[in-house]
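Structure file start-v4.tsv with TSV, C-alpha atoms:
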chain	number	residue	atom	x	y	z
A	1	MET	CA	59.14	110.55	25.74
A	2	ASP	CA	60.91	107.61	27.50
A	3	ASP	CA	58.14	105.30	26.29
A	4	LEU	CA	58.38	106.50	22.71
A	5	ASN	CA	58.27	103.53	20.35
A	6	PRO	CA	61.42	103.73	18.18
A	7	LEU	CA	59.43	102.26	15.30
A	8	VAL	CA	57.89	105.71	14.76
A	9	LEU	CA	61.16	106.56	12.98
A	10	LEU	CA	60.01	104.22	10.20
A	11	ILE	CA	56.97	106.39	9.45
A	12	PRO	CA	58.80	108.88	7.14
A	13	LEU	CA	60.49	105.98	5.32
A	14	ILE	CA	57.21	104.15	4.83
A	15	ALA	CA	55.55	107.38	3.70
A	16	GLY	CA	58.37	107.83	1.18
A	17	PHE	CA	57.71	104.29	-0.07
A	18	ILE	CA	53.98	105.02	-0.34
A	19	GLY	CA	54.70	108.17	-2.37
A	20	TRP	CA	57.12	106.37	-4.67
A	21	PHE	CA	54.99	103.26	-5.13
A	22	THR	CA	51.72	105.07	-5.81
A	23	ASN	CA	53.40	107.38	-8.31
A	24	TRP	CA	55.21	104.46	-9.96
A	25	LEU	CA	51.90	102.65	-10.22
A	26	ALA	CA	50.22	105.76	-11.69
A	27	VAL	CA	52.82	105.90	-14.49
A	28	ARG	CA	52.42	102.20	-15.24
A	29	ALA	CA	48.62	102.45	-15.16
A	30	THR	CA	48.83	105.31	-17.64
A	31	LEU	CA	50.77	103.22	-20.17
A	32	TYR	CA	49.79	99.60	-19.48
A	33	PRO	CA	48.25	97.18	-20.17
A	34	VAL	CA	47.71	97.90	-23.85
A	35	GLU	CA	44.67	95.59	-23.97
A	36	PHE	CA	41.96	95.34	-21.30
A	37	VAL	CA	42.80	92.84	-18.55
A	38	GLY	CA	39.98	91.58	-16.33
A	39	ILE	CA	36.24	91.04	-16.67
A	40	PRO	CA	34.73	93.79	-18.87
A	41	PRO	CA	33.39	96.33	-18.59
A	42	TRP	CA	34.06	97.28	-14.95
A	43	LEU	CA	36.26	94.71	-13.28
A	44	GLY	CA	39.73	95.19	-14.71
A	45	TRP	CA	42.00	97.82	-16.20
A	46	GLN	CA	43.39	99.05	-19.48
A	47	GLY	CA	46.15	101.65	-19.66
A	48	VAL	CA	44.75	105.18	-19.82
A	49	ILE	CA	46.58	105.91	-23.06
A	50	PRO	CA	45.70	102.70	-24.97
A	51	LYS	CA	42.11	102.89	-23.73
A	52	ASN	CA	41.71	106.45	-24.99
A	53	ALA	CA	43.96	106.10	-28.04
A	54	GLU	CA	41.30	107.33	-30.46
A	55	GLU	CA	40.45	110.48	-28.52
A	56	MET	CA	44.09	111.22	-27.73
A	57	SER	CA	45.14	110.66	-31.34
A	58	ARG	CA	42.57	113.29	-32.35
A	59	SER	CA	44.09	115.71	-29.86
A	60	PHE	CA	47.59	115.00	-31.17
A	61	SER	CA	46.56	115.25	-34.80
A	62	SER	CA	44.77	118.56	-34.24
A	63	LEU	CA	47.89	120.00	-32.64
A	64	ILE	CA	50.08	118.74	-35.49
A	65	ARG	CA	47.70	119.95	-38.19
A	66	ASP	CA	46.89	123.36	-36.72
A	67	LYS	CA	50.17	124.35	-35.08
A	68	LEU	CA	53.08	122.27	-36.31
A	69	VAL	CA	52.85	121.20	-39.95
A	70	ASP	CA	52.08	123.03	-43.19
A	71	MET	CA	52.08	120.42	-45.96
A	72	GLU	CA	52.23	122.97	-48.75
A	73	ARG	CA	55.41	124.47	-47.28
A	74	ILE	CA	56.99	121.05	-46.95
A	75	PHE	CA	56.27	119.95	-50.47
A	76	ALA	CA	56.97	123.37	-51.96
A	77	ASP	CA	60.66	122.58	-51.50
A	78	LEU	CA	60.68	119.83	-54.12
A	79	ASP	CA	63.90	120.14	-56.08
A	80	ASN	CA	63.49	119.78	-59.84
A	81	ASP	CA	67.20	119.03	-60.16
A	82	ASP	CA	67.15	116.30	-57.54
A	83	GLU	CA	68.95	113.04	-58.31
A	84	GLU	CA	65.88	111.03	-57.35
A	85	LEU	CA	63.83	112.97	-59.90
A	86	ASP	CA	66.46	112.23	-62.54
A	87	ARG	CA	66.21	108.52	-61.78
A	88	VAL	CA	62.41	108.60	-61.99
A	89	VAL	CA	62.52	110.38	-65.35
A	90	GLU	CA	65.10	107.95	-66.70
A	91	ASP	CA	63.19	104.85	-65.56
A	92	ILE	CA	59.89	106.02	-67.01
A	93	SER	CA	61.53	107.17	-70.25
A	94	VAL	CA	63.24	103.81	-70.76
A	95	GLU	CA	59.91	102.05	-70.19
A	96	ILE	CA	58.07	104.28	-72.70
A	97	ILE	CA	60.73	103.81	-75.36
A	98	ARG	CA	60.73	100.04	-74.79
A	99	GLU	CA	56.94	99.92	-75.30
A	100	LEU	CA	57.26	102.08	-78.42
A	101	SER	CA	59.98	99.91	-79.92
A	102	THR	CA	58.47	96.53	-79.05
A	103	GLN	CA	54.70	97.02	-79.05
A	104	LEU	CA	53.51	100.25	-80.67
A	105	ALA	CA	55.80	100.44	-83.69
A	106	PRO	CA	58.40	97.65	-83.66
A	107	GLU	CA	58.87	97.57	-87.43
A	108	SER	CA	59.07	101.36	-87.85
A	109	TRP	CA	61.53	101.59	-84.96
A	110	ALA	CA	63.71	98.86	-86.43
A	111	ARG	CA	63.89	100.71	-89.79
A	112	ALA	CA	64.32	104.20	-88.25
A	113	ARG	CA	67.62	106.01	-88.65
A	114	GLU	CA	69.79	106.70	-85.62
A	115	LYS	CA	69.07	110.45	-85.69
A	116	LEU	CA	65.31	109.79	-85.53
A	117	ARG	CA	65.79	107.43	-82.61
A	118	GLU	CA	67.92	110.02	-80.81
A	119	TYR	CA	65.25	112.64	-81.43
A	120	ILE	CA	62.52	110.39	-80.00
A	121	ASN	CA	64.68	109.55	-76.99
A	122	THR	CA	65.24	113.25	-76.29
A	123	LEU	CA	61.57	114.10	-76.84
A	124	VAL	CA	60.38	111.36	-74.46
A	125	ARG	CA	62.81	112.34	-71.71
A	126	ARG	CA	61.94	116.02	-72.02
A	127	ASN	CA	58.23	115.23	-71.99
A	128	VAL	CA	58.48	112.84	-69.04
A	129	ARG	CA	60.45	115.39	-67.01
A	130	ARG	CA	57.96	118.14	-67.75
A	131	VAL	CA	54.98	115.96	-66.86
A	132	THR	CA	56.64	114.62	-63.69
A	133	VAL	CA	57.58	118.12	-62.49
A	134	GLU	CA	54.06	119.39	-63.22
A	135	ILE	CA	52.52	116.48	-61.30
A	136	LEU	CA	54.76	117.10	-58.31
A	137	GLU	CA	54.17	120.86	-58.40
A	138	ARG	CA	50.40	120.44	-58.65
A	139	MET	CA	50.40	117.99	-55.76
A	140	ALA	CA	52.58	120.35	-53.74
A	141	MET	CA	50.18	123.24	-54.34
A	142	GLU	CA	47.24	121.11	-53.21
A	143	ALA	CA	49.09	119.21	-50.47
A	144	ASN	CA	46.92	120.50	-47.61
A	145	ASP	CA	43.83	119.25	-49.44
A	146	LEU	CA	45.32	115.99	-50.71
A	147	ILE	CA	46.91	114.93	-47.42
A	148	ASP	CA	44.71	114.59	-44.35
A	149	VAL	CA	47.16	114.78	-41.44
A	150	ASP	CA	44.35	113.97	-38.99
A	151	GLN	CA	43.64	110.72	-40.79
A	152	ILE	CA	47.29	109.65	-41.06
A	153	VAL	CA	47.93	110.23	-37.34
A	154	HIS	CA	44.62	108.65	-36.36
A	155	ASP	CA	45.17	105.55	-38.51
A	156	ALA	CA	48.76	105.06	-37.33
A	157	MET	CA	47.87	105.30	-33.64
A	158	LEU	CA	44.77	103.11	-33.83
A	159	ALA	CA	46.59	100.47	-35.87
A	160	ASP	CA	49.04	100.18	-32.96
A	161	ARG	CA	47.49	101.31	-29.67
A	162	ALA	CA	50.88	101.04	-27.96
A	163	LEU	CA	52.34	103.59	-30.39
A	164	LEU	CA	51.03	106.65	-28.56
A	165	GLY	CA	52.52	105.31	-25.34
A	166	ARG	CA	55.90	104.82	-27.03
A	167	VAL	CA	55.70	108.35	-28.44
A	168	LEU	CA	55.04	109.74	-24.97
A	169	VAL	CA	57.78	107.68	-23.30
A	170	GLU	CA	60.18	108.99	-25.94
A	171	ILE	CA	59.29	112.65	-25.45
A	172	ALA	CA	58.36	112.62	-21.75
A	173	GLY	CA	60.62	109.97	-20.24
A	174	PRO	CA	62.16	112.46	-17.76
A	175	GLU	CA	58.67	113.58	-16.68
A	176	PHE	CA	57.62	109.99	-15.95
A	177	LYS	CA	60.81	109.53	-13.91
A	178	PHE	CA	60.11	112.82	-12.10
A	179	ILE	CA	56.66	111.55	-11.12
A	180	GLU	CA	58.17	108.41	-9.60
A	181	ARG	CA	61.11	110.04	-7.82
A	182	SER	CA	59.19	113.05	-6.55
A	183	GLY	CA	56.75	110.69	-4.88
A	184	LEU	CA	59.62	109.35	-2.76
A	185	TRP	CA	60.76	112.79	-1.60
A	186	PHE	CA	57.32	114.32	-1.14
A	187	GLY	CA	56.23	111.19	0.70
A	188	PHE	CA	59.24	111.36	3.02
A	189	LEU	CA	58.59	115.03	3.82
A	190	PHE	CA	54.90	114.36	4.48
A	191	GLY	CA	56.01	111.40	6.58
A	192	ILE	CA	57.97	113.65	8.93
A	193	ALA	CA	54.81	115.66	9.58
A	194	GLN	CA	52.88	112.40	9.89
A	195	MET	CA	55.38	111.14	12.48
A	196	ALA	CA	55.05	114.33	14.53
A	197	ILE	CA	51.25	114.02	14.52
A	198	TRP	CA	51.42	110.36	15.53
A	199	ILE	CA	53.76	111.14	18.44
A	200	ALA	CA	51.41	113.89	19.67
A	201	TYR	CA	48.20	111.98	18.97
A	202	PRO	CA	48.70	108.23	18.36
A	203	ALA	CA	45.10	107.43	17.40
A	204	ALA	CA	44.71	104.32	15.23
A	205	TRP	CA	43.01	106.24	12.41
A	206	VAL	CA	45.89	108.74	12.03
A	207	LEU	CA	48.21	106.54	9.93
A	208	PRO	CA	45.54	105.32	7.46
A	209	ALA	CA	44.29	108.91	7.04
A	210	ALA	CA	47.83	110.19	6.63
A	211	GLY	CA	48.55	107.35	4.18
A	212	PHE	CA	45.59	108.46	2.09
A	213	LEU	CA	46.88	112.04	2.04
A	214	VAL	CA	50.42	110.94	1.15
A	215	GLY	CA	49.26	108.71	-1.72
A	216	TYR	CA	46.79	111.30	-2.99
A	217	LEU	CA	48.93	114.43	-2.64
A	218	THR	CA	52.18	112.98	-3.98
A	219	ASN	CA	50.36	111.95	-7.17
A	220	TRP	CA	48.62	115.31	-7.43
A	221	LEU	CA	51.77	117.33	-6.75
A	222	ALA	CA	53.90	115.39	-9.22
A	223	LEU	CA	51.34	115.81	-12.02
A	224	HIS	CA	50.87	119.49	-11.17
A	225	LEU	CA	54.59	120.34	-11.07
A	226	ILE	CA	55.17	118.87	-14.53
A	227	PHE	CA	53.14	121.68	-16.08
A	228	GLU	CA	53.12	124.49	-13.51
A	229	PRO	CA	54.14	127.19	-13.35
A	230	LYS	CA	54.01	127.70	-17.10
A	231	GLU	CA	56.02	130.92	-16.98
A	232	PRO	CA	59.28	130.88	-14.97
A	233	ILE	CA	59.07	132.35	-11.46
A	234	GLN	CA	62.19	133.61	-9.69
A	235	ILE	CA	62.24	133.01	-5.93
A	236	GLY	CA	65.57	134.18	-4.57
A	237	PRO	CA	68.26	132.07	-6.25
A	238	PHE	CA	65.68	129.53	-7.48
A	239	ARG	CA	63.96	129.65	-10.87
A	240	LEU	CA	60.75	127.63	-10.86
A	241	GLN	CA	58.96	126.39	-13.96
A	242	GLY	CA	57.04	123.25	-14.93
A	243	VAL	CA	59.44	120.35	-15.54
A	244	PHE	CA	57.99	119.62	-18.98
A	245	ILE	CA	57.73	123.28	-20.01
A	246	LYS	CA	61.36	123.88	-19.04
A	247	ARG	CA	62.50	121.18	-21.50
A	248	GLN	CA	60.67	122.65	-24.50
A	249	ASN	CA	63.62	122.68	-26.91
A	250	GLU	CA	64.69	119.16	-25.95
A	251	VAL	CA	61.12	117.86	-26.20
A	252	ALA	CA	60.66	119.55	-29.58
A	253	SER	CA	63.62	117.62	-30.97
A	254	SER	CA	62.48	114.27	-29.53
A	255	PHE	CA	58.87	114.82	-30.62
A	256	ALA	CA	59.95	115.70	-34.16
A	257	ASP	CA	62.13	112.58	-34.35
A	258	VAL	CA	59.47	110.15	-33.24
A	259	ILE	CA	56.52	111.65	-35.16
A	260	ALA	CA	58.52	111.96	-38.39
A	261	HIS	CA	59.87	108.42	-38.01
A	262	ALA	CA	56.84	106.53	-36.71
A	263	VAL	CA	53.79	108.49	-37.89
A	264	LEU	CA	54.24	111.04	-40.68
A	265	ASN	CA	56.80	108.96	-42.55
A	266	ALA	CA	57.03	108.34	-46.29
A	267	ASP	CA	55.39	104.90	-46.08
A	268	ASN	CA	52.33	106.16	-44.20
A	269	MET	CA	52.13	109.18	-46.50
A	270	LEU	CA	52.31	106.97	-49.59
A	271	GLN	CA	49.67	104.60	-48.23
A	272	HIS	CA	47.37	107.53	-47.43
A	273	ILE	CA	47.69	108.99	-50.93
A	274	ALA	CA	47.29	105.56	-52.54
A	275	THR	CA	44.19	104.44	-50.64
A	276	GLY	CA	42.85	107.50	-48.83
A	277	PRO	CA	39.73	109.55	-49.53
A	278	ASN	CA	41.55	111.87	-51.96
A	279	ARG	CA	42.87	109.11	-54.22
A	280	GLY	CA	40.36	110.14	-56.91
A	281	ARG	CA	41.75	113.68	-57.00
A	282	VAL	CA	45.26	112.36	-57.52
A	283	VAL	CA	44.06	110.03	-60.29
A	284	GLY	CA	42.34	112.99	-61.97
A	285	LEU	CA	45.55	115.01	-61.79
A	286	LEU	CA	47.52	112.13	-63.36
A	287	GLU	CA	44.95	111.72	-66.12
A	288	GLU	CA	45.12	115.43	-66.95
A	289	GLN	CA	48.89	115.31	-67.26
A	290	VAL	CA	48.76	112.18	-69.43
A	291	GLN	CA	46.29	113.84	-71.77
A	292	GLN	CA	48.64	116.80	-72.19
A	293	SER	CA	51.63	114.52	-72.69
A	294	MET	CA	49.94	112.43	-75.36
A	295	ALA	CA	48.75	115.59	-77.12
A	296	GLU	CA	52.39	116.63	-77.52
A	297	TYR	CA	53.26	113.30	-79.15
A	298	GLU	CA	50.21	113.54	-81.45
A	299	ARG	CA	51.34	116.97	-82.66
A	300	ASP	CA	54.92	115.93	-83.35
A	301	ALA	CA	55.64	115.15	-87.01
A	302	MET	CA	58.61	112.92	-86.20
A	303	VAL	CA	56.48	110.74	-83.91
A	304	ALA	CA	53.90	110.48	-86.70
A	305	MET	CA	56.61	108.97	-88.95
A	306	LEU	CA	56.90	106.06	-86.49
A	307	VAL	CA	53.43	105.59	-84.97
A	308	SER	CA	50.04	105.92	-86.61
A	309	LYS	CA	47.30	108.05	-85.03
A	310	GLU	CA	45.26	104.91	-84.37
A	311	LYS	CA	48.13	103.35	-82.43
A	312	LEU	CA	48.61	106.53	-80.43
A	313	ASP	CA	44.90	106.60	-79.59
A	314	GLU	CA	45.10	102.98	-78.46
A	315	ALA	CA	48.16	103.76	-76.34
A	316	LYS	CA	46.43	106.74	-74.74
A	317	SER	CA	43.31	104.70	-73.91
A	318	ASP	CA	45.42	101.92	-72.46
A	319	LEU	CA	47.49	104.37	-70.39
A	320	LEU	CA	44.41	106.14	-69.00
A	321	HIS	CA	42.91	102.76	-68.09
A	322	ARG	CA	46.07	101.79	-66.24
A	323	ILE	CA	46.09	105.10	-64.34
A	324	ARG	CA	42.49	104.65	-63.22
A	325	HIS	CA	43.39	101.25	-61.78
A	326	ILE	CA	46.90	102.08	-60.71
A	327	ASP	CA	48.41	100.90	-57.46
A	328	MET	CA	49.76	104.29	-56.44
A	329	SER	CA	52.10	102.73	-53.91
A	330	ASP	CA	54.09	101.56	-56.96
A	331	SER	CA	53.95	104.90	-58.78
A	332	ARG	CA	57.41	106.43	-59.09
A	333	GLN	CA	56.06	109.98	-59.14
A	334	ILE	CA	53.91	109.42	-56.04
A	335	LYS	CA	56.82	107.78	-54.22
A	336	THR	CA	59.00	110.77	-55.07
A	337	PHE	CA	56.33	113.09	-53.70
A	338	ALA	CA	55.84	111.05	-50.51
A	339	ASN	CA	59.58	110.91	-49.88
A	340	GLN	CA	59.55	114.68	-49.45
A	341	SER	CA	57.92	114.01	-46.07
A	342	SER	CA	61.46	113.66	-44.73
A	343	GLN	CA	61.34	117.47	-44.49
A	344	ILE	CA	58.58	117.22	-41.86
A	345	ARG	CA	60.99	116.63	-39.01
A	346	GLU	CA	62.64	120.05	-39.23
A	347	GLN	CA	59.32	121.87	-39.45
A	348	LEU	CA	57.90	119.95	-36.48
A	349	GLU	CA	60.89	120.81	-34.32
A	350	ASP	CA	60.94	124.49	-35.27
A	351	ASN	CA	57.21	125.03	-34.76
A	352	LEU	CA	56.95	123.06	-31.53
A	353	GLY	CA	59.91	124.95	-30.10
A	354	ALA	CA	58.17	128.24	-30.94
A	355	LEU	CA	54.87	127.51	-29.14
A	356	ASP	CA	54.06	129.55	-26.07
A	357	PRO	CA	54.07	127.63	-22.75
A	358	ALA	CA	50.28	127.21	-22.62
A	359	GLN	CA	50.15	125.74	-26.12
A	360	PHE	CA	53.23	123.62	-25.52
A	361	SER	CA	51.77	122.01	-22.39
A	362	GLY	CA	48.91	120.82	-24.63
A	363	VAL	CA	51.30	118.28	-26.15
A	364	LEU	CA	51.33	116.22	-22.96
A	365	ARG	CA	48.67	117.59	-20.59
A	366	PRO	CA	45.64	115.81	-22.16
A	367	VAL	CA	47.36	112.47	-21.54
A	368	PHE	CA	47.31	113.00	-17.77
A	369	GLN	CA	43.96	114.76	-17.62
A	370	LYS	CA	42.14	111.73	-18.98
A	371	ASP	CA	41.19	109.53	-16.01
A	372	GLU	CA	43.67	111.51	-13.89
A	373	TRP	CA	41.30	111.48	-10.92
A	374	LYS	CA	41.27	107.67	-10.93
A	375	LEU	CA	45.06	107.51	-10.72
A	376	ILE	CA	45.21	110.09	-7.92
A	377	LEU	CA	42.39	108.42	-5.99
A	378	ALA	CA	44.03	105.01	-6.42
A	379	GLY	CA	47.16	106.49	-4.85
A	380	GLY	CA	45.09	107.59	-1.87
A	381	VAL	CA	43.44	104.17	-1.49
A	382	ILE	CA	46.79	102.34	-1.61
A	383	GLY	CA	48.23	104.83	0.87
A	384	THR	CA	45.29	104.15	3.22
A	385	ALA	CA	45.89	100.40	3.04
A	386	ILE	CA	49.61	100.76	3.78
A	387	GLY	CA	48.82	103.16	6.64
A	388	ALA	CA	46.44	100.60	8.14
A	389	LEU	CA	49.11	97.94	7.75
A	390	GLN	CA	51.53	100.11	9.73
A	391	VAL	CA	49.06	100.30	12.60
A	392	VAL	CA	48.72	96.51	12.68
A	393	VAL	CA	52.35	95.51	12.15
A	394	LEU	CA	54.25	98.27	13.92
A	395	PHE	CA	51.97	99.53	16.66
A	396	GLY	CA	49.85	96.64	17.88
A	397	GLY	CA	46.71	96.98	15.76
A	398	PHE	CA	43.50	99.00	15.99
A	399	ALA	CA	42.30	97.42	19.24
A	400	ARG	CA	45.35	98.23	21.37
Written form, structure tokens:
Amino acid sequence: MDDLNPLVLLIPLIAGFIGWFTNWLAVRATLYPVEFVGIPPWLGWQGVIPKNAEEMSRSFSSLIRDKLVDMERIFADLDNDDEELDRVVEDISVEIIRELSTQLAPESWARAREKLREYINTLVRRNVRRVTVEILERMAMEANDLIDVDQIVHDAMLADRALLGRVLVEIAGPEFKFIERSGLWFGFLFGIAQMAIWIAYPAAWVLPAAGFLVGYLTNWLALHLIFEPKEPIQIGPFRLQGVFIKRQNEVASSFADVIAHAVLNADNMLQHIATGPNRGRVVGLLEEQVQQSMAEYERDAMVAMLVSKEKLDEAKSDLLHRIRHIDMSDSRQIKTFANQSSQIREQLEDNLGALDPAQFSGVLRPVFQKDEWKLILAGGVIGTAIGALQVVVLFGGFAR
């Protein structure tokens, strides 16, 4: 023991560094780079998440669609007395009356008595409100068919491959930090055992082999302890449960915030309705309501005093033509409908918080499972290299 090299005391510290560095690198390699760096297809790297954004977005969207969001429930809460609805009705009514008074029947409108004008104003506003409410109610009833959650999530995450990474950093920031920090402590503990082995048997291969185990096992342990055990286990005064699982309520709130803000927001919802595969169904619904609305005007004797049947027919044809070629992103009714997506956040949080542990782990687990073996193996390879470096720098090399 008198000849014991004091540099052996550095072994636990170096092992702690190996554990921290390999875990830190695993986190970074999961998120970055967003685009492939190197010589494709084999020599180089792209972050696990950006590389697999399409597949992972499908996993996310399936979870959201099947477990977390019911579009019909969200849009069923449309308030017919809402101030926004009042503004929509007023804007459309003013536009209709302006067209009536300046294009359809300018002379008749100019000669009409005040009571007739008041009657027409009331009729138009009542009719516009009824039609608008019916459109919104019909869309709410068919929301699950009209809105493809899978497509919205998929499009948003493929349009910005870094988005999924930002979502995960937002909801799993503490887990990423746990991976890094746990590598330091696990590595240090393994290093103590490594030091004892080296003292008893100082063969040159021991440190590289131990470095491989430290790099490999610290990565594996950190990833495992995020999700296991799923159910809490009481061991004496200690209550053990997966780090991510234990934060379910906190994660539910963060997840709801970021998905509602960045993915299932009103703008993405509006764009999907306006240009998505179900646009034709929405146009058909609008056409049906316009037909009913115009039929009410055609039956009204007071309207007939101002506008001839021929003019009403022309107006109906023109209106139907405009609807068929409408830019729905400018439609006030569709905007009002899409804005109801603000209710998604509460439903996301409630439903995610209610998942059982196995289902809840599915929010994050697929992210680490994809190419997980590469990250763990890379930790082992780096640990081997640092172990070999210890032999050379601290203990005289392999040929001593």
Exercise for the section: Name the closest residue to Asn265 (chain A) among the candidates A:Leu225, A:Leu285, A:Met195, A:Val153; distances are taken between atoms, counting all atoms listed in the file. Expected result: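 Among A:Leu225, A:Leu285, A:Met195, A:Val153, it is A:Val153 that comes nearest to Asn265 (chain A).
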Exercise for the section: Go through A:Val27, A:Ala210, A:Ile259, A:Leu100 and flag the residue nearest Lys311 (chain A), using all atoms listed in the file for the distances. Expected result: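 Nearest candidate to Lys311 (chain A) out of A:Val27, A:Ala210, A:Ile259, A:Leu100: A:Leu100.
Nearest to Ser254 (chain A) of all the residues A:Arg322, A:His224, A:Arg181, A:Arg345 is A:Arg345, counting all atoms listed in the file.
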Practice task
Give as a PyMOL selection string every residue, naming chains and numbers as the document does, that has an atom within 10 Å of (61.8, 107.8, -78.7), counting all atoms listed in the file.
Solution key: chain A and resi 93-94+96-101+109+116-125+302-303+306
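Here CA of Glu228 (chain A) is placed at a distance of 9.3 Å from CA of Ser361 (chain A).
Going from CA of Pro357 (chain A) to CA of Trp220 (chain A) covers 20.4 Å.
Among the candidate residues A:Val131, A:Met305, A:Ile233, A:Leu240, the one lying nearest to Ser108 (chain A) is A:Met305, with distances computed using only C-alpha atoms.
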Handout entry: From A:Ile344, A:Ala378, A:Val214, A:Leu10, residue lying nearest Leu264 (chain A) [all atoms listed in the file]
Key =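 Among A:Ile344, A:Ala378, A:Val214, A:Leu10, it is A:Ile344 that comes nearest to Leu264 (chain A).
For the point (40.4, 108.8, -38.7) in file coordinates, the residues within 12 Å, using only C-alpha atoms, are Ala53, Glu54, Glu55, Met56, Ser57, Arg58, Ser59, Ser61, Ser62, Asp148, Val149, Asp150, Gln151, Ile152, Val153, His154, Asp155, Ala156, Met157, Leu158, Ala159, His272, Gly276 and Pro277 of chain A.
Interatomic distance, CA of Thr336 (chain A) to CA of Glu83 (chain A): 10.7 Å.
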Exercise for the section: Rank nothing, just name the residue among A:Phe176, A:Trp24, A:Tyr297, A:Phe238 nearest to Ile226 (chain A), using only C-alpha atoms. Expected result: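 Of the candidates, the smallest distance to Ile226 (chain A) is held by A:Phe176.
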Practice task
Name all residues at most 10 Å from Glu346 (chain A) (count all atoms listed in the file; drop same-chain ones fewer than 4 positions away) and give them as a ChimeraX atom specification.
Solution key: /A:69,74,252-253,256-257,260,342,350-351
Practice task
Please provide as a list in words all residues within 9 Å of Val282 (chain A), with the sequence filter that same-chain residues fewer than 3 positions apart are discarded (counting only C-alpha atoms).
Solution key: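 After dropping sequence-adjacent residues, the list is Met139, Leu146, Ile273, Ala274, Asn278, Arg279, Leu285, Leu286 and Glu287 of chain A.
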Problem - Near-Trp185 (chain A) list (10 Å; all atoms listed in the file; drop same-chain fewer than 6 positions) as a PyMOL selection string - result: chain A and resi 12-13+15-17+19-20+191+218
Hey, could you make a per-residue contact list for region 135-252 of chain A against region 36-48 of chain A with 12 Å as the cut-off, showing the nearest pair of atoms and its distance in Å to one decimal, counting only C-alpha atoms, sorted by chain and number, as JSON lines?
{"residue": "A:Arg161", "atom": "CA", "partner": "A:Gly47", "partner_atom": "CA", "distance": 10.1}
{"residue": "A:Ala162", "atom": "CA", "partner": "A:Gly47", "partner_atom": "CA", "distance": 9.6}
{"residue": "A:Leu164", "atom": "CA", "partner": "A:Val48", "partner_atom": "CA", "distance": 10.9}
{"residue": "A:Gly165", "atom": "CA", "partner": "A:Gly47", "partner_atom": "CA", "distance": 9.3}
